[in-house]
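Engineer: Data file query.txt (compact mmCIF, C-alpha atoms and all ligand atoms) is appended below.
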# COMPACT_ATOMS: atom_id res chain seq x y z
CA MET A 1 63.86 72.59 123.30
CA PRO A 2 66.63 73.91 125.65
CA GLN A 3 67.45 77.60 125.28
CA TYR A 4 70.33 78.23 122.87
CA VAL A 5 71.20 81.88 122.15
CA LEU A 6 72.28 81.38 118.54
CA GLY A 7 69.20 79.45 117.38
CA HIS A 8 69.26 78.11 113.81
CA TYR A 9 66.21 80.25 112.99
CA LEU A 10 68.26 83.47 113.34
CA LYS A 11 68.91 85.30 110.08
CA GLY A 12 72.50 84.63 108.99
CA GLU A 13 72.99 81.53 111.18
CA GLY A 14 73.57 79.24 108.17
CA LYS A 15 76.31 81.57 106.91
CA ARG A 16 77.81 81.87 110.41
CA LEU A 17 78.01 78.07 110.75
CA ALA A 18 79.58 77.87 107.27
CA LEU A 19 82.25 80.35 108.41
CA MET A 20 82.86 78.24 111.54
CA SER A 21 83.39 75.21 109.30
CA GLU A 22 85.81 77.14 107.11
CA LEU A 23 87.75 78.49 110.10
CA LEU A 24 87.74 75.47 112.41
CA ASP A 25 87.38 72.28 110.35
CA PRO A 26 91.09 72.13 109.35
CA MET A 27 92.12 72.22 113.04
CA HIS A 28 89.39 69.75 114.06
CA ARG A 29 90.38 67.30 111.28
CA ARG A 30 94.04 67.56 112.31
CA TYR A 31 93.22 66.64 115.92
CA ILE A 32 91.02 63.72 114.80
CA ASP A 33 93.74 62.42 112.44
CA ALA A 34 96.31 62.56 115.25
CA LEU A 35 94.15 60.20 117.35
CA ASN A 36 94.54 57.49 114.67
CA ILE A 37 91.17 55.95 115.60
CA VAL A 38 88.96 56.86 112.62
CA LYS A 39 89.31 54.07 110.09
CA PRO A 40 87.02 52.18 107.70
CA GLY A 41 84.41 50.37 109.78
CA ALA A 42 84.60 52.76 112.77
CA ARG A 43 81.55 54.36 114.46
CA THR A 44 81.78 58.08 115.19
CA LEU A 45 79.50 60.57 116.92
CA GLU A 46 79.61 64.35 116.56
CA VAL A 47 77.45 66.17 119.12
CA GLY A 48 76.26 69.72 118.39
CA CYS A 49 77.23 69.15 114.76
CA GLY A 50 75.77 72.44 113.41
CA ASN A 51 75.86 72.04 109.62
CA ALA A 52 77.54 68.58 110.01
CA SER A 53 80.61 69.42 107.91
CA ILE A 54 82.83 67.38 110.26
CA SER A 55 80.34 64.49 110.33
CA ALA A 56 80.27 64.42 106.51
CA TRP A 57 84.08 64.20 106.49
CA LEU A 58 83.95 61.45 109.15
CA ALA A 59 81.39 59.53 107.06
CA GLU A 60 83.94 59.40 104.22
CA ARG A 61 86.77 58.34 106.57
CA VAL A 62 84.84 55.43 108.14
CA SER A 63 83.67 54.11 104.79
CA PRO A 64 83.27 51.28 103.91
CA GLY A 65 81.48 49.61 106.76
CA GLY A 66 81.41 52.43 109.33
CA THR A 67 78.81 54.96 110.46
CA ALA A 68 79.05 58.65 111.33
CA VAL A 69 76.27 59.95 113.57
CA ALA A 70 75.59 63.70 113.47
CA PHE A 71 73.60 64.81 116.55
CA ASP A 72 72.13 68.25 117.31
CA LEU A 73 69.18 69.99 118.96
CA ASP A 74 68.28 71.27 115.49
CA LEU A 75 69.12 69.51 112.21
CA SER A 76 67.53 72.13 109.95
CA LEU A 77 70.81 73.63 108.65
CA ILE A 78 72.29 70.30 107.54
CA GLU A 79 72.39 69.99 103.76
CA VAL A 80 74.91 67.15 103.37
CA ARG A 81 73.69 63.58 102.96
CA ALA A 82 75.60 60.28 102.66
CA PRO A 83 74.47 56.65 102.98
CA ASN A 84 76.49 56.12 106.17
CA LEU A 85 75.79 59.57 107.67
CA GLU A 86 73.04 59.23 110.29
CA LEU A 87 71.30 62.41 111.46
CA ARG A 88 69.81 62.36 114.94
CA GLN A 89 67.95 65.14 116.70
CA GLY A 90 68.35 65.37 120.48
CA ASP A 91 69.70 67.09 123.59
CA ILE A 92 73.00 65.74 124.93
CA VAL A 93 71.97 66.75 128.46
CA ALA A 94 69.01 64.34 128.24
CA GLY A 95 71.14 61.18 127.95
CA PRO A 96 73.89 59.33 126.05
CA VAL A 97 73.55 58.57 122.33
CA ALA A 98 73.64 54.78 121.79
CA PRO A 99 75.57 54.06 125.04
CA GLY A 100 78.89 52.21 124.83
CA THR A 101 79.10 52.04 121.02
CA PHE A 102 81.33 54.77 119.54
CA ASP A 103 85.05 54.65 118.68
CA LEU A 104 85.17 58.45 118.55
CA VAL A 105 82.88 60.99 120.20
CA THR A 106 83.58 64.63 119.46
CA ALA A 107 81.97 68.00 120.17
CA ARG A 108 83.24 71.42 119.06
CA ALA A 109 82.01 74.79 120.32
CA VAL A 110 79.01 73.21 122.04
CA LEU A 111 79.62 72.72 125.77
CA HIS A 112 80.13 76.43 126.52
CA HIS A 113 76.46 76.87 125.52
CA VAL A 114 75.15 73.94 127.59
CA ALA A 115 73.65 74.83 130.97
CA ASP A 116 74.87 71.61 132.61
CA ALA A 117 78.21 70.81 130.96
CA GLU A 118 78.94 68.23 133.68
CA VAL A 119 75.92 66.13 132.72
CA ALA A 120 76.67 66.59 129.00
CA ILE A 121 80.24 65.28 129.52
CA THR A 122 78.90 62.29 131.50
CA ASN A 123 76.62 61.47 128.54
CA LEU A 124 79.42 61.94 125.98
CA VAL A 125 81.66 59.58 127.97
CA ALA A 126 78.81 57.04 128.30
CA SER A 127 78.44 57.01 124.50
CA LEU A 128 82.04 55.69 124.09
CA ARG A 129 82.85 52.02 123.65
CA THR A 130 85.64 50.62 125.83
CA GLY A 131 88.86 52.09 124.40
CA GLY A 132 86.96 54.78 122.48
CA VAL A 133 88.21 58.38 122.49
CA LEU A 134 86.41 61.60 123.43
CA LEU A 135 87.72 64.79 121.75
CA LEU A 136 86.36 68.14 122.94
CA ILE A 137 87.20 71.49 121.38
CA GLU A 138 85.90 74.53 123.24
CA PRO A 139 86.78 78.22 123.47
CA ASP A 140 88.67 80.01 126.18
CA PHE A 141 88.47 83.79 125.85
CA LEU A 142 91.71 84.37 127.79
CA PRO A 143 93.31 86.33 124.87
CA VAL A 144 90.69 89.13 125.05
CA SER A 145 92.11 90.13 128.44
CA ILE A 146 95.06 91.66 126.52
CA ALA A 147 93.05 93.02 123.56
CA GLU A 148 94.01 96.46 122.24
CA PRO A 149 92.99 99.24 122.00
CA PRO A 150 91.23 99.75 125.38
CA GLU A 151 87.79 100.27 123.79
CA VAL A 152 88.06 96.80 122.23
CA ARG A 153 88.89 95.39 125.66
CA ALA A 154 85.85 97.27 127.01
CA PHE A 155 83.74 95.65 124.26
CA TRP A 156 84.92 92.17 125.29
CA ASP A 157 84.35 92.95 129.00
CA GLY A 158 80.72 93.78 128.10
CA TRP A 159 80.46 90.68 125.88
CA LEU A 160 81.67 88.43 128.71
CA ALA A 161 79.24 90.06 131.18
CA TRP A 162 76.39 89.48 128.65
CA SER A 163 77.46 85.85 128.15
CA ARG A 164 77.54 85.11 131.89
CA GLU A 165 73.98 86.42 132.14
CA ARG A 166 72.96 84.13 129.23
CA GLY A 167 74.55 81.07 130.88
CA ILE A 168 77.43 80.83 128.40
CA ASP A 169 80.86 79.83 129.74
CA TYR A 170 83.54 81.39 127.52
CA HIS A 171 86.28 80.20 129.90
CA ILE A 172 85.32 76.53 129.73
CA GLY A 173 88.46 75.59 127.75
CA ARG A 174 90.69 75.62 130.84
CA THR A 175 88.33 73.24 132.69
CA LEU A 176 88.20 70.46 130.06
CA ALA A 177 91.20 68.34 131.15
CA PRO A 178 90.12 67.91 134.79
CA ARG A 179 86.56 67.31 133.61
CA LEU A 180 87.75 64.38 131.46
CA ALA A 181 89.98 63.05 134.25
CA ALA A 182 87.09 63.06 136.78
CA PRO A 183 85.08 60.22 135.13
CA GLY A 184 88.28 58.14 134.75
CA LEU A 185 89.30 58.76 131.12
CA THR A 186 92.96 57.94 130.49
CA GLN A 187 95.71 59.28 128.15
CA ILE A 188 94.37 62.81 128.54
CA SER A 189 96.19 65.39 126.45
CA GLY A 190 95.39 68.84 125.21
CA THR A 191 96.52 71.89 123.28
CA ALA A 192 95.18 75.41 122.91
CA GLU A 193 95.66 77.40 119.72
CA THR A 194 94.79 80.98 118.93
CA ALA A 195 94.22 82.61 115.55
CA ILE A 196 95.78 86.04 115.05
CA TYR A 197 93.75 88.04 112.55
CA ASN A 198 93.13 91.52 111.20
CA GLY A 199 90.11 93.56 110.18
CA GLY A 200 88.55 92.33 106.95
CA SER A 201 89.76 88.74 107.49
CA THR A 202 87.46 85.72 107.67
CA TRP A 203 87.69 85.78 111.48
CA ALA A 204 86.74 89.47 111.55
CA ASN A 205 83.83 88.72 109.19
CA TYR A 206 82.75 85.90 111.52
CA TRP A 207 82.63 88.34 114.45
CA THR A 208 80.79 90.97 112.41
CA LEU A 209 78.16 88.39 111.47
CA THR A 210 77.86 87.05 115.04
CA ILE A 211 77.56 90.49 116.61
CA ASN A 212 75.02 91.69 114.06
CA GLU A 213 72.98 88.53 114.75
CA LEU A 214 73.05 89.22 118.51
CA ARG A 215 73.07 93.04 118.35
CA ASP A 216 69.61 93.65 119.83
CA ASP A 217 70.16 91.18 122.66
CA LEU A 218 73.66 92.54 123.44
CA ILE A 219 72.46 96.14 123.67
CA GLY A 220 69.13 95.24 125.29
CA SER A 221 71.01 93.42 128.07
CA GLY A 222 72.57 96.72 129.16
CA LYS A 223 76.05 95.09 129.21
CA LEU A 224 77.06 96.83 125.94
CA ASN A 225 76.01 100.06 124.29
CA VAL A 226 75.67 101.11 120.65
CA ALA A 227 78.97 103.05 120.70
CA LEU A 228 81.01 100.08 121.95
CA VAL A 229 79.40 97.67 119.49
CA ASP A 230 79.95 100.05 116.55
CA THR A 231 83.54 100.78 117.59
CA PHE A 232 84.26 97.06 117.65
CA LEU A 233 82.61 96.54 114.25
CA ASN A 234 84.69 99.40 112.80
CA HIS A 235 87.87 97.66 113.99
CA CYS A 236 86.65 94.47 112.35
CA ALA A 237 86.63 96.36 109.02
CA ASP A 238 90.11 97.92 109.47
CA SER A 239 92.89 95.84 107.88
CA ASN A 240 95.52 97.64 110.01
CA TRP A 241 94.00 96.31 113.25
CA TRP A 242 95.45 92.97 114.39
CA THR A 243 94.06 91.01 117.29
CA GLN A 244 93.30 87.63 118.83
CA THR A 245 90.18 86.39 120.62
CA ILE A 246 89.89 82.70 121.45
CA ALA A 247 92.31 80.06 122.70
CA PHE A 248 90.59 77.04 121.14
CA THR A 249 91.25 74.27 123.64
CA ALA A 250 91.28 70.72 122.32
CA VAL A 251 91.41 67.95 124.91
CA SER A 252 91.08 64.20 124.37
CA GLY A 253 90.85 61.18 126.65
CA ARG A 254 90.32 57.44 126.22
CA SER A 255 87.69 55.26 127.85
CA PRO A 256 89.63 52.83 130.05
CA GLY A 257 89.71 49.05 129.83
CA ALA A 258 90.77 48.35 126.23
C1 LIG B 1 78.19 77.24 118.08
S1 LIG B 1 77.36 75.92 117.25
C2 LIG B 1 78.75 74.90 116.76
C3 LIG B 1 78.45 74.02 115.60
C4 LIG B 1 79.62 73.12 115.15
N1 LIG B 1 79.98 72.17 116.20
C5 LIG B 1 80.82 73.97 114.79
O1 LIG B 1 81.77 74.06 115.60
O2 LIG B 1 80.84 74.53 113.68
C6 LIG B 1 76.68 74.96 118.60
C7 LIG B 1 75.81 73.81 118.11
O3 LIG B 1 75.49 73.00 119.25
C8 LIG B 1 74.10 72.68 119.23
N2 LIG B 1 73.68 72.45 120.62
C9 LIG B 1 73.58 73.37 121.62
N3 LIG B 1 73.17 72.79 122.76
C10 LIG B 1 73.00 71.46 122.49
C11 LIG B 1 72.56 70.33 123.25
N4 LIG B 1 72.22 70.48 124.54
N5 LIG B 1 72.51 69.10 122.66
C12 LIG B 1 72.83 68.97 121.34
N6 LIG B 1 73.26 70.01 120.56
C13 LIG B 1 73.33 71.23 121.13
C14 LIG B 1 73.44 73.90 118.56
O4 LIG B 1 72.17 73.60 118.02
C15 LIG B 1 74.50 74.26 117.51
O5 LIG B 1 74.27 73.58 116.29
Starting from the file, give its structure as structure tokens.

Structural biologist:
Amino acid sequence: MPQYVLGHYLKGEGKRLALMSELLDPMHRRYIDALNIVKPGARTLEVGCGNASISAWLAERVSPGGTAVAFDLDLSLIEVRAPNLELRQGDIVAGPVAPGTFDLVTARAVLHHVADAEVAITNLVASLRTGGVLLLIEPDFLPVSIAEPPEVRAFWDGWLAWSRERGIDYHIGRTLAPRLAAPGLTQISGTAETAIYNGGSTWANYWTLTINELRDDLIGSGKLNVALVDTFLNHCADSNWWTQTIAFTAVSGRSPGA
């Protein structure tokens, strides 16, 4: 299995994925609705589906007659089931999923973890039918460059240094549009949106959970120390601290020829 730093076996990973669904599903559903392509009878594919909350929603939207495929390296944290929800285990770098068959292919918060995002995008595009749409949503950590106070910025500098060493690309958001243009997708459009949150909020709880899950690796890497990690966690508990972290970049493009 390819190396993935937030493996589903980690304690708390189920809760962390549930928080991602709570925080990001409304935005993801809004972008999918705006494409106007998911209708009864449609075939959809979600790659790196995590707990498959979006795939379960897609399964309802394509019913009757359609199929929603939920695809991930690890299906162990998926609890939802539906007659037209198909679970498939696999690595998107290894090849397309049912080439040329999907009306919608989507992936959220996946490609920044994939060692060869170029190959993964080629395989996502190859899974589309003619006229099908690819929707990618990935982070861009641009907002942390203006984080306050300075010790929080120092925490994020260490986090980004750790992530580079682990092969994670937290600036991938800005590269998505040209990467969809390169294989010839048309009607490319995109938006980035950034949550502004305070300590004690769901976003702050998400970061507390994530950092506690990765704590040993972050400190062991030498890119962060105990004091910086604890200072950041203290801010995450302080309701008077307001901040922003990720510009979630959503970009879509259509397979030509329809
Ligand atoms: C950060 S989680 C995001 C889960 C979900 N998309 C969300 O936004 O809530 C990344 C997911 O991508 C999966 N993943 C990572 N690399 C993958 C690959 N090469 N092929 C398929 N899935 C992959 C992981 O197993 C994990 O479930």

Engineer: Which residues of chain A come within 8 Å of ligand LIG 1 (chain B), and what is each one's closest atom pair and distance in Å (one decimal), counting only C-alpha atoms and all ligand atoms, sorted by chain and residue number, as CSV?

Structural biologist:
residue,atom,partner,partner_atom,distance
A:Pro2,CA,B:LIG1,N4,6.7
A:Gln3,CA,B:LIG1,N3,7.9
A:Tyr4,CA,B:LIG1,C9,6.0
A:Leu6,CA,B:LIG1,C1,7.2
A:Gly7,CA,B:LIG1,O4,6.6
A:His8,CA,B:LIG1,O4,6.8
A:Leu17,CA,B:LIG1,O2,5.4
A:Ala18,CA,B:LIG1,O2,7.3
A:Leu19,CA,B:LIG1,O2,8.0
A:Met20,CA,B:LIG1,O2,4.7
A:Ser21,CA,B:LIG1,O2,5.1
A:Leu24,CA,B:LIG1,O1,6.9
A:Asp25,CA,B:LIG1,O2,7.7
A:Glu46,CA,B:LIG1,N1,7.8
A:Val47,CA,B:LIG1,C12,5.8
A:Gly48,CA,B:LIG1,O3,3.5
A:Cys49,CA,B:LIG1,N1,4.3
A:Gly50,CA,B:LIG1,O5,3.4
A:Asn51,CA,B:LIG1,C4,6.8
A:Ala52,CA,B:LIG1,C4,7.2
A:Ser53,CA,B:LIG1,O2,7.7
A:Phe71,CA,B:LIG1,C12,6.4
A:Asp72,CA,B:LIG1,N6,3.9
A:Leu73,CA,B:LIG1,N6,4.4
A:Asp74,CA,B:LIG1,O4,5.2
A:Leu75,CA,B:LIG1,O5,7.7
A:Gln89,CA,B:LIG1,C12,7.7
A:Gly90,CA,B:LIG1,C12,5.8
A:Asp91,CA,B:LIG1,N5,3.6
A:Ile92,CA,B:LIG1,N5,4.1
A:Val93,CA,B:LIG1,N4,5.4
A:Ala94,CA,B:LIG1,N4,7.9
A:Ala107,CA,B:LIG1,N1,6.1
A:Arg108,CA,B:LIG1,N1,4.4
A:Ala109,CA,B:LIG1,O1,4.8
A:Val110,CA,B:LIG1,O3,4.5
A:Leu111,CA,B:LIG1,N3,7.1
A:His113,CA,B:LIG1,N3,5.9
A:Val114,CA,B:LIG1,N3,5.3
A:Ala115,CA,B:LIG1,N4,7.9
A:Ala120,CA,B:LIG1,N4,7.4

Engineer: My list of candidates is A:Ala204, A:Ile246, A:Ala56, A:Val119. Which is closest to His171 in chain A when distances are computed with only C-alpha atoms?

Structural biologist: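 Result for the nearest residue to His171 in chain A: A:Ile246.
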
Engineer: Find the residues around range 232-242 of chain A up to 10 Å (only C-alpha atoms counted), leave out those fewer than 2 positions away in its own chain, and share them as a PyMOL selection string.

Structural biologist: chain A and resi 147-149+151-156+196-209+211-212+226-230+244

Engineer: Save the residues we just selected, C-alpha atoms, as a compact mmCIF listing (two decimals), keeping the file's coordinate frame?

Structural biologist:
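The resulting file, out-v7.txt, is shown below:
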# COMPACT_ATOMS: atom_id res chain seq x y z
CA ALA A 147 93.05 93.02 123.56
CA GLU A 148 94.01 96.46 122.24
CA PRO A 149 92.99 99.24 122.00
CA GLU A 151 87.79 100.27 123.79
CA VAL A 152 88.06 96.80 122.23
CA ARG A 153 88.89 95.39 125.66
CA ALA A 154 85.85 97.27 127.01
CA PHE A 155 83.74 95.65 124.26
CA TRP A 156 84.92 92.17 125.29
CA ILE A 196 95.78 86.04 115.05
CA TYR A 197 93.75 88.04 112.55
CA ASN A 198 93.13 91.52 111.20
CA GLY A 199 90.11 93.56 110.18
CA GLY A 200 88.55 92.33 106.95
CA SER A 201 89.76 88.74 107.49
CA THR A 202 87.46 85.72 107.67
CA TRP A 203 87.69 85.78 111.48
CA ALA A 204 86.74 89.47 111.55
CA ASN A 205 83.83 88.72 109.19
CA TYR A 206 82.75 85.90 111.52
CA TRP A 207 82.63 88.34 114.45
CA THR A 208 80.79 90.97 112.41
CA LEU A 209 78.16 88.39 111.47
CA ILE A 211 77.56 90.49 116.61
CA ASN A 212 75.02 91.69 114.06
CA VAL A 226 75.67 101.11 120.65
CA ALA A 227 78.97 103.05 120.70
CA LEU A 228 81.01 100.08 121.95
CA VAL A 229 79.40 97.67 119.49
CA ASP A 230 79.95 100.05 116.55
CA GLN A 244 93.30 87.63 118.83

Engineer: I'd like the interatomic distance between CA of Ala117 in chain A and CA of Arg129 in chain A, to a tenth of an Å.

Structural biologist: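 Distance reported for this atom pair: 20.7 Å.
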
Engineer: Excluding same-chain residues fewer than 3 positions from Gly158 in chain A, what lies within 6 Å of it counting all atoms listed in the file, as a VMD selection string?

Structural biologist: chain A and resid 155 161 223 to 224

Engineer: What is the CA of Gly65 in chain A-CA of Ile188 in chain A distance in Å, reported with one decimal?

Structural biologist: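 Separating CA of Gly65 in chain A from CA of Ile188 in chain A is a distance of 28.5 Å.
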
Engineer: I'd like to know which of A:Glu22, A:Glu193, A:Glu79, A:Glu86 is closest to Val251 in chain A, using all atoms listed in the file.

Structural biologist: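 Distance minimum relative to Val251 in chain A lands on A:Glu193.
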
Engineer: What is the distance between CA of Thr194 in chain A and CA of Phe248 in chain A, in Å to one decimal?

Structural biologist: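 For CA of Thr194 in chain A relative to CA of Phe248 in chain A, the distance reads 6.2 Å.
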
Engineer: List the neighbours of Leu104 in chain A out to 7 Å using all atoms listed in the file; skip same-chain residues closer than 6 positions along the sequence, and give me the result as a PyMOL selection string.

Structural biologist: chain A and resi 43-45+128+132-134

Engineer: Take the residues from that selection and put them in a file with C-alpha atoms, as a PDB file, in the coordinates of the input.

Structural biologist:
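File produced: part25.pdb:
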ATOM      1  CA  ARG A  43      81.550  54.360 114.460  1.00  0.00           C
ATOM      2  CA  THR A  44      81.780  58.080 115.190  1.00  0.00           C
ATOM      3  CA  LEU A  45      79.500  60.570 116.920  1.00  0.00           C
ATOM      4  CA  LEU A 128      82.040  55.690 124.090  1.00  0.00           C
ATOM      5  CA  GLY A 132      86.960  54.780 122.480  1.00  0.00           C
ATOM      6  CA  VAL A 133      88.210  58.380 122.490  1.00  0.00           C
ATOM      7  CA  LEU A 134      86.410  61.600 123.430  1.00  0.00           C
TER       8      LEU A 134
END

Engineer: In terms of the shortest atom-to-atom distance over all atoms listed in the file, which of A:Val62, A:Val80, A:Leu176, A:Ile121 is closest to Gly190 in chain A?

Structural biologist: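 Of all the options, A:Leu176 lies closest to Gly190 in chain A.
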
Engineer: Env of Ser55 in chain A: 7 Å cut, atoms = only C-alpha atoms, seq-sep filter 5 positions within chain, self excluded. Answer as number ranges by chain.

Structural biologist: A: 46, 68-70

Engineer: Would you mind listing what lies within 7 Å of His112 in chain A as a list in words, with all atoms listed in the file counted and same-chain residues fewer than 3 positions away left out?

Structural biologist: Ala109, Glu138, Ile168, Asp169, Tyr170 and Ile172 of chain A
